[in-house]
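Encoded as structure tokens, the structure appears first; notes follow it.
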There are 2 protein chains.
Amino acid sequence: MKQKDGSVSRRDFIKTTGAAAALAGIASAGLLAGARKAEAAPLPEKWDEELDVAVFGTGFAGLAAAIEAHKAGAKTAVFEKMKLLGGNSAINGGVMAAAGSEWQKKAGTKDSPELLLQDMLKAGLHLNHVDLAKIVAEQSAPVADWLVKDLGVEFLDTPIMMGGHSVPRSLVIKGVSGFGVVKKELDKLKELGVPIRKETFLTRLHQDESGRVVGVQVREGYKFPDAESGQIKNIKVKKGVVVATGGFSRDLMLRSMQDPRLDEEVDSTNHPGATGEALCYMLDCGAAPVQLSWIQLGPWASPDEKGFGLAPHFATQAFIHGLLVDPKTGKRIINELGDRKVRADAILKTEHPCVIFAREEVFYNAQGVSLDKIVEKGVAKKFATLEELAAAYEIPVDALKEEVAKYNKFMAAGVDEDFGKPFMPEVKPLEQGPFAACRLWPKVHHTMGGALINKDAQVLDLYSKPIPGLYAAGEVTGGIHGACRLGSVAVSECLIFGRIAGQQAAKA
Amino acid sequence: MKQKDGSVSRRDFIKTTGAAAALAGIASAGLLAGARKAEAAPLPEKWDEELDVAVFGTGFAGLAAAIEAHKAGAKTAVFEKMKLLGGNSAINGGVMAAAGSEWQKKAGTKDSPELLLQDMLKAGLHLNHVDLAKIVAEQSAPVADWLVKDLGVEFLDTPIMMGGHSVPRSLVIKGVSGFGVVKKELDKLKELGVPIRKETFLTRLHQDESGRVVGVQVREGYKFPDAESGQIKNIKVKKGVVVATGGFSRDLMLRSMQDPRLDEEVDSTNHPGATGEALCYMLDCGAAPVQLSWIQLGPWASPDEKGFGLAPHFATQAFIHGLLVDPKTGKRIINELGDRKVRADAILKTEHPCVIFAREEVFYNAQGVSLDKIVEKGVAKKFATLEELAAAYEIPVDALKEEVAKYNKFMAAGVDEDFGKPFMPEVKPLEQGPFAACRLWPKVHHTMGGALINKDAQVLDLYSKPIPGLYAAGEVTGGIHGACRLGSVAVSECLIFGRIAGQQAAKA
């Protein structure tokens, strides 16, 4: 039986195709026979306009999708609900994993897509959808080349080491912000003449009688978060809708349903618009929800500032070169280069912020944001000696000194006997100050779960069948990272699956 | 806009109530204003029959719901898709958590609902929906009393210790099978005159224009798994539909979407009908999916038999009294009384079956199934000496003996220095044979995730609003156990929320 608005619900499907058979088939064989069928259904009587491809979201994924869709000849537009373009991508830390890249070769680092995949699966507790994760690993270096050659993105010379990765493979975007990529994507779209329509809020996905997504309803002139603002408009979409609206780290209701710990007391690194309405529309179209309860906390966040802030810049360097200690004991709590989940859980377990510190000079390296700026904001502090540092955070000074001495010994021997942290060639003992330090307390950072997609970025239903005309990419999708997304891999993922979504939608 | 079949989809909701406002409200305040509204929608032109309450599933939860609904004066029927009644409950190991029970008092065990709740939250990694978990903890002893007084269920005298619980609180059902409860529930329903209609498959939930579930479509005379079998019938349900159809451990497609490791190579302890179609119908009605990717593996399953089998009976005793060792090293791998996840993960990590063993005499205790029967089935083996045991499983004998000697020392001192296992008063050193042993390899056992419910067992949508007329209880719901369900708690949970669902549905 059809639905008046043209969608076909799962129970309709079951009724109209005798798919109870198919369901039992799932039970015994995991197979589904039959196809969606339904009667004609009324769509909007008049479309206000027509596109080939409509892309929602202006992060890495959405913009990449739009570039590719346009290049494939599709009449394309990009929609953004917020006033500012770029979503979380624009405030992203600006490092991007690329396995086996030219930059690594120049730095003498041996790496491969297989090794990145292994790192992803290990961090993901093997919950990853391997077919999708493999594409990310394989395309990570090519997509970096694409950024440079086609978009003119600039990377710093030397890939850096990030937690959970086996080797230094994360390319630092010039300016050390994702905006360095977003800006170049926006430039390209301008050059190509693809319109970017901000303050336009997706309010509905229109499905026709076959279950195909054939259009969207939006509110133009939407003023976040005033949901009554703007004018409703129906847009026919002939080839494909690409949903690249990001995760739901700021969606209190959705996130706390999945993880009740993440109530209003827990801050998030995300921009305010990181809510899940487009994910809900997709679920309503029959999309399969995948691993929604795996929500990542950023271990490098500071309780001394709001949102993403500057602490991640500080901490990324400090994790490589310094120590993370519990101020109550003065002892290390974890491999500072462990994966995000392991580190965030270790900090949470102490039940109070922990202190990360390193020698001051390491912060003049690769992270772009000056230490002085971070200190000015009150997020980091400088100390001439370990004694001063211990006093400031009320760390037992003898225990701290002992821990530092032990760590230096491990470093000299090249083996961290306590936590197995890998020592990079450039690290030096922590003997001499001055030091810089910062407090860390996790914030909601990334939602690993989302809508199920296949290799062509088609959104799949609960029977693993594509929902025609519906594509998704980036954080709104689920399964690629499993239990834990490694730092810097999402940038690659968004660009790779954004491009695929745009190419496939244009082809449809 | 309405849908022809009477359901109201989320996007309809958004259009008809201007709930884009509500959505933005979620973003900023986590609140949802407005109510579902839609035009009249065609339901079946003629209902084949009429009930007040229709209960789906004949496990602990469904049967308890039917008893309560009938008692509250509702015209009630229970539906079962399989030929056999009882689902997983009938093949359940037959132990049920009751915190602060009369049986514990007699045994001199101090316990409380608070302590059970803490154990549940610890095992659940605090992902539990605490308001629901609290109800389970508080009602666990009263529901045991209800079973005895109202249904005539019999328990063995002494509560036993189960993995992850702080104290012995699990009541052993006479006959050591959940069927001991299912049978009494069935007897009660017969006495009350509530019809139980087996081989009747739920194929659709009918929603009216307000979003209320007002009826069901079923296939009568359904022969699992032949989905074309049986006759379609539409039943009007005036008060409430209770979905108590169990988990999806046998639903290859659903489970591997959420956890790709759980492919066709992984066995399950569940009955063949443990598939997720009713969960999908609820999701299609707008139910919020909760924590679907948390799927429990039973650590006490044997690769030497199919399904649930006899190994769990053996292992429950052996975990208390014996050692779980990696046959490659002869060393213990975990606290044998740790929670299920910790134990299953520890076995999986070795990448081969591990060996659990204890002194033969402990198997004549409380577990009801005779050791000889388990040995006969080829699941356990008897050995006069540790040397024989080591030889049979190719365990390095010296390492094994060393491990046993160390364990005996720990037991004498009352502290397990390696893994912190609590020693029960009745345990004795493992010095002397004869021994009995069994190989363990995890199987898919329980799906912690499912549809979101509230304290009244009403099914909630993605905006935390009840879907009128729709109730759920037991394994088809999600969030109560968080990341890991403790052994024996599901029996209590199913009975408690089954009763609530029946009472509330009858009131509606």
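In the structure tokens, the first chain shown is A, the next is B, and so on; residue numbers restart at 1 for each chain, and ligands run from 1 in the order shown.
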Segment 97-111 of chain B: which residues within 6 Å, counting only C-alpha atoms, same-chain residues fewer than 2 positions away excluded, as a ChimeraX atom specification? /B:113,140-141,169-170,488-489
Counting only C-alpha atoms, which residue out of B:Leu43, B:Ala288, B:Ile67, B:Ala390 sits closest to Gln503 of chain B? B:Ile67
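Our summary of the geometry notes that atom CA of Asn408 of chain B is positioned 18.4 Å from atom CA of Thr329 of chain B.
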Polymer residues at most 8 Å from segment 351-360 of chain B, only C-alpha atoms, same-chain spacing of 2 or more positions, as an MDAnalysis selection string: chainID B and resid 303 315 318:319 321:327 347:349 362:364 382 393 430 432:441
Mind pulling up the distance from atom CA of Glu45 of chain A to atom CA of Asp226 of chain A? 27.0 Å
Would you list the contacts of segment 465-481 of chain A as a PyMOL selection string, taking every protein, DNA or RNA residue within 6 Å and counting only C-alpha atoms, but skipping same-chain residues closer than 4 positions in sequence? chain A and resi 61+124+128-129+132-133+212-213+240-244+246-247+290+448-452+457-461+485+494+497-498+501
Would you mind writing down, as number ranges by chain, each residue of segment 322-460 of chain A that DSSP on the backbone assigns to alpha helix (DSSP H)? A: 340-350, 371-376, 386-393, 397-413
With C-alpha atoms retained, could you export that selection as an mmCIF file, in the first residue's frame?
data_model
loop_
_atom_site.group_PDB
_atom_site.id
_atom_site.type_symbol
_atom_site.label_atom_id
_atom_site.label_comp_id
_atom_site.auth_asym_id
_atom_site.auth_seq_id
_atom_site.Cartn_x
_atom_site.Cartn_y
_atom_site.Cartn_z
ATOM 1 C CA ARG A 340 40.816 8.547 21.135
ATOM 2 C CA LYS A 341 38.485 6.234 22.964
ATOM 3 C CA VAL A 342 41.212 4.733 25.071
ATOM 4 C CA ARG A 343 42.509 8.163 26.039
ATOM 5 C CA ALA A 344 39.139 9.783 26.680
ATOM 6 C CA ASP A 345 38.020 6.805 28.783
ATOM 7 C CA ALA A 346 41.258 6.972 30.795
ATOM 8 C CA ILE A 347 40.705 10.654 31.604
ATOM 9 C CA LEU A 348 37.021 10.132 32.453
ATOM 10 C CA LYS A 349 37.970 7.301 34.763
ATOM 11 C CA THR A 350 40.010 9.649 36.976
ATOM 12 C CA LEU A 371 51.634 28.862 22.103
ATOM 13 C CA ASP A 372 51.355 32.467 23.228
ATOM 14 C CA LYS A 373 47.862 32.669 21.765
ATOM 15 C CA ILE A 374 46.831 29.502 23.636
ATOM 16 C CA VAL A 375 48.334 30.869 26.851
ATOM 17 C CA GLU A 376 46.637 34.218 26.303
ATOM 18 C CA LEU A 386 58.611 20.959 36.949
ATOM 19 C CA GLU A 387 58.273 22.234 40.525
ATOM 20 C CA GLU A 388 56.327 25.261 39.358
ATOM 21 C CA LEU A 389 54.156 23.119 37.132
ATOM 22 C CA ALA A 390 53.421 20.682 39.964
ATOM 23 C CA ALA A 391 52.559 23.537 42.315
ATOM 24 C CA ALA A 392 50.147 25.151 39.838
ATOM 25 C CA TYR A 393 48.099 21.967 39.372
ATOM 26 C CA VAL A 397 55.973 16.962 43.011
ATOM 27 C CA ASP A 398 58.105 13.976 43.968
ATOM 28 C CA ALA A 399 55.785 11.536 42.270
ATOM 29 C CA LEU A 400 55.791 13.709 39.161
ATOM 30 C CA LYS A 401 59.574 13.937 39.076
ATOM 31 C CA GLU A 402 59.843 10.204 39.516
ATOM 32 C CA GLU A 403 57.413 9.654 36.637
ATOM 33 C CA VAL A 404 59.376 12.023 34.395
ATOM 34 C CA ALA A 405 62.651 10.310 35.246
ATOM 35 C CA LYS A 406 61.131 6.925 34.410
ATOM 36 C CA TYR A 407 59.724 8.222 31.145
ATOM 37 C CA ASN A 408 63.106 9.648 30.163
ATOM 38 C CA LYS A 409 64.669 6.270 30.851
ATOM 39 C CA PHE A 410 62.048 4.563 28.659
ATOM 40 C CA MET A 411 62.753 7.089 25.927
ATOM 41 C CA ALA A 412 66.488 6.472 26.081
ATOM 42 C CA ALA A 413 65.867 2.732 25.791
#
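You can rank B:Glu426, B:Asp145, B:Glu336, B:Glu228 by their closest distance to chain A using only C-alpha atoms, and at the top of that list sits B:Glu228.
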Could you check how far atom CA of Ala65 of chain B sits from atom CA of Arg499 of chain B, in Å to one decimal? 4.6 Å
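Proximity of B:Leu127, B:Val266, B:Val153, B:Val415 to chain A, computed with only C-alpha atoms, is greatest for B:Leu127.
The smallest atom-to-atom distance between Ser302 of chain A and any of A:Ser229, A:Val130, A:Ala380, A:Ala278, using only C-alpha atoms, is found for A:Ala380.
Backbone DSSP assigns strand (DSSP E or B) in segment 288-340 of chain B to Pro289, Val290, Ile295, Gln296, Leu297, Gly298, Leu323, Leu324, Val325, Asp326, Lys331 and Arg332 of chain B.
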Could those residues be written to a file, using N, CA and C atoms, as a PDB file, in the first residue's frame?
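Dumped to selection-v2.pdb:
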ATOM      1  N   PRO B 289      15.479   3.920  17.459  1.00  0.00           N
ATOM      2  CA  PRO B 289      16.370   2.783  17.703  1.00  0.00           C
ATOM      3  C   PRO B 289      17.391   3.168  18.766  1.00  0.00           C
ATOM      4  N   VAL B 290      17.639   2.266  19.698  1.00  0.00           N
ATOM      5  CA  VAL B 290      18.603   2.555  20.769  1.00  0.00           C
ATOM      6  C   VAL B 290      19.677   1.487  20.840  1.00  0.00           C
ATOM      7  N   ILE B 295      25.723  -5.905  20.900  1.00  0.00           N
ATOM      8  CA  ILE B 295      25.232  -7.275  20.763  1.00  0.00           C
ATOM      9  C   ILE B 295      26.096  -8.177  21.629  1.00  0.00           C
ATOM     10  N   GLN B 296      25.442  -8.909  22.497  1.00  0.00           N
ATOM     11  CA  GLN B 296      26.189  -9.701  23.477  1.00  0.00           C
ATOM     12  C   GLN B 296      26.546 -11.085  22.971  1.00  0.00           C
ATOM     13  N   LEU B 297      27.793 -11.421  23.205  1.00  0.00           N
ATOM     14  CA  LEU B 297      28.242 -12.784  22.932  1.00  0.00           C
ATOM     15  C   LEU B 297      28.259 -13.541  24.257  1.00  0.00           C
ATOM     16  N   GLY B 298      27.742 -14.753  24.253  1.00  0.00           N
ATOM     17  CA  GLY B 298      27.779 -15.579  25.465  1.00  0.00           C
ATOM     18  C   GLY B 298      29.159 -16.186  25.608  1.00  0.00           C
ATOM     19  N   LEU B 323      38.912 -22.734  36.712  1.00  0.00           N
ATOM     20  CA  LEU B 323      39.793 -21.830  35.978  1.00  0.00           C
ATOM     21  C   LEU B 323      39.496 -21.861  34.485  1.00  0.00           C
ATOM     22  N   LEU B 324      39.614 -20.697  33.868  1.00  0.00           N
ATOM     23  CA  LEU B 324      39.500 -20.585  32.415  1.00  0.00           C
ATOM     24  C   LEU B 324      40.896 -20.292  31.878  1.00  0.00           C
ATOM     25  N   VAL B 325      41.428 -21.230  31.087  1.00  0.00           N
ATOM     26  CA  VAL B 325      42.805 -21.039  30.617  1.00  0.00           C
ATOM     27  C   VAL B 325      42.891 -21.076  29.088  1.00  0.00           C
ATOM     28  N   ASP B 326      43.913 -20.384  28.613  1.00  0.00           N
ATOM     29  CA  ASP B 326      44.274 -20.452  27.198  1.00  0.00           C
ATOM     30  C   ASP B 326      45.080 -21.737  27.008  1.00  0.00           C
ATOM     31  N   LYS B 331      47.732 -20.582  30.852  1.00  0.00           N
ATOM     32  CA  LYS B 331      47.495 -19.495  31.814  1.00  0.00           C
ATOM     33  C   LYS B 331      46.046 -19.027  31.788  1.00  0.00           C
ATOM     34  N   ARG B 332      45.595 -18.540  32.946  1.00  0.00           N
ATOM     35  CA  ARG B 332      44.265 -17.915  33.014  1.00  0.00           C
ATOM     36  C   ARG B 332      44.246 -16.678  32.128  1.00  0.00           C
TER      37      ARG B 332
END
From the list A:Val176, A:Ala54, A:Leu63, A:Leu462, which residue is nearest Cys280 of chain B when using only C-alpha atoms?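 Comparing A:Val176, A:Ala54, A:Leu63, A:Leu462 against Cys280 of chain B, the winner is A:Leu462.
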Would you mind telling me which residue in A:Lys223, A:Lys377, A:Lys507, A:Lys428 lies nearest to chain B when using only C-alpha atoms? A:Lys223
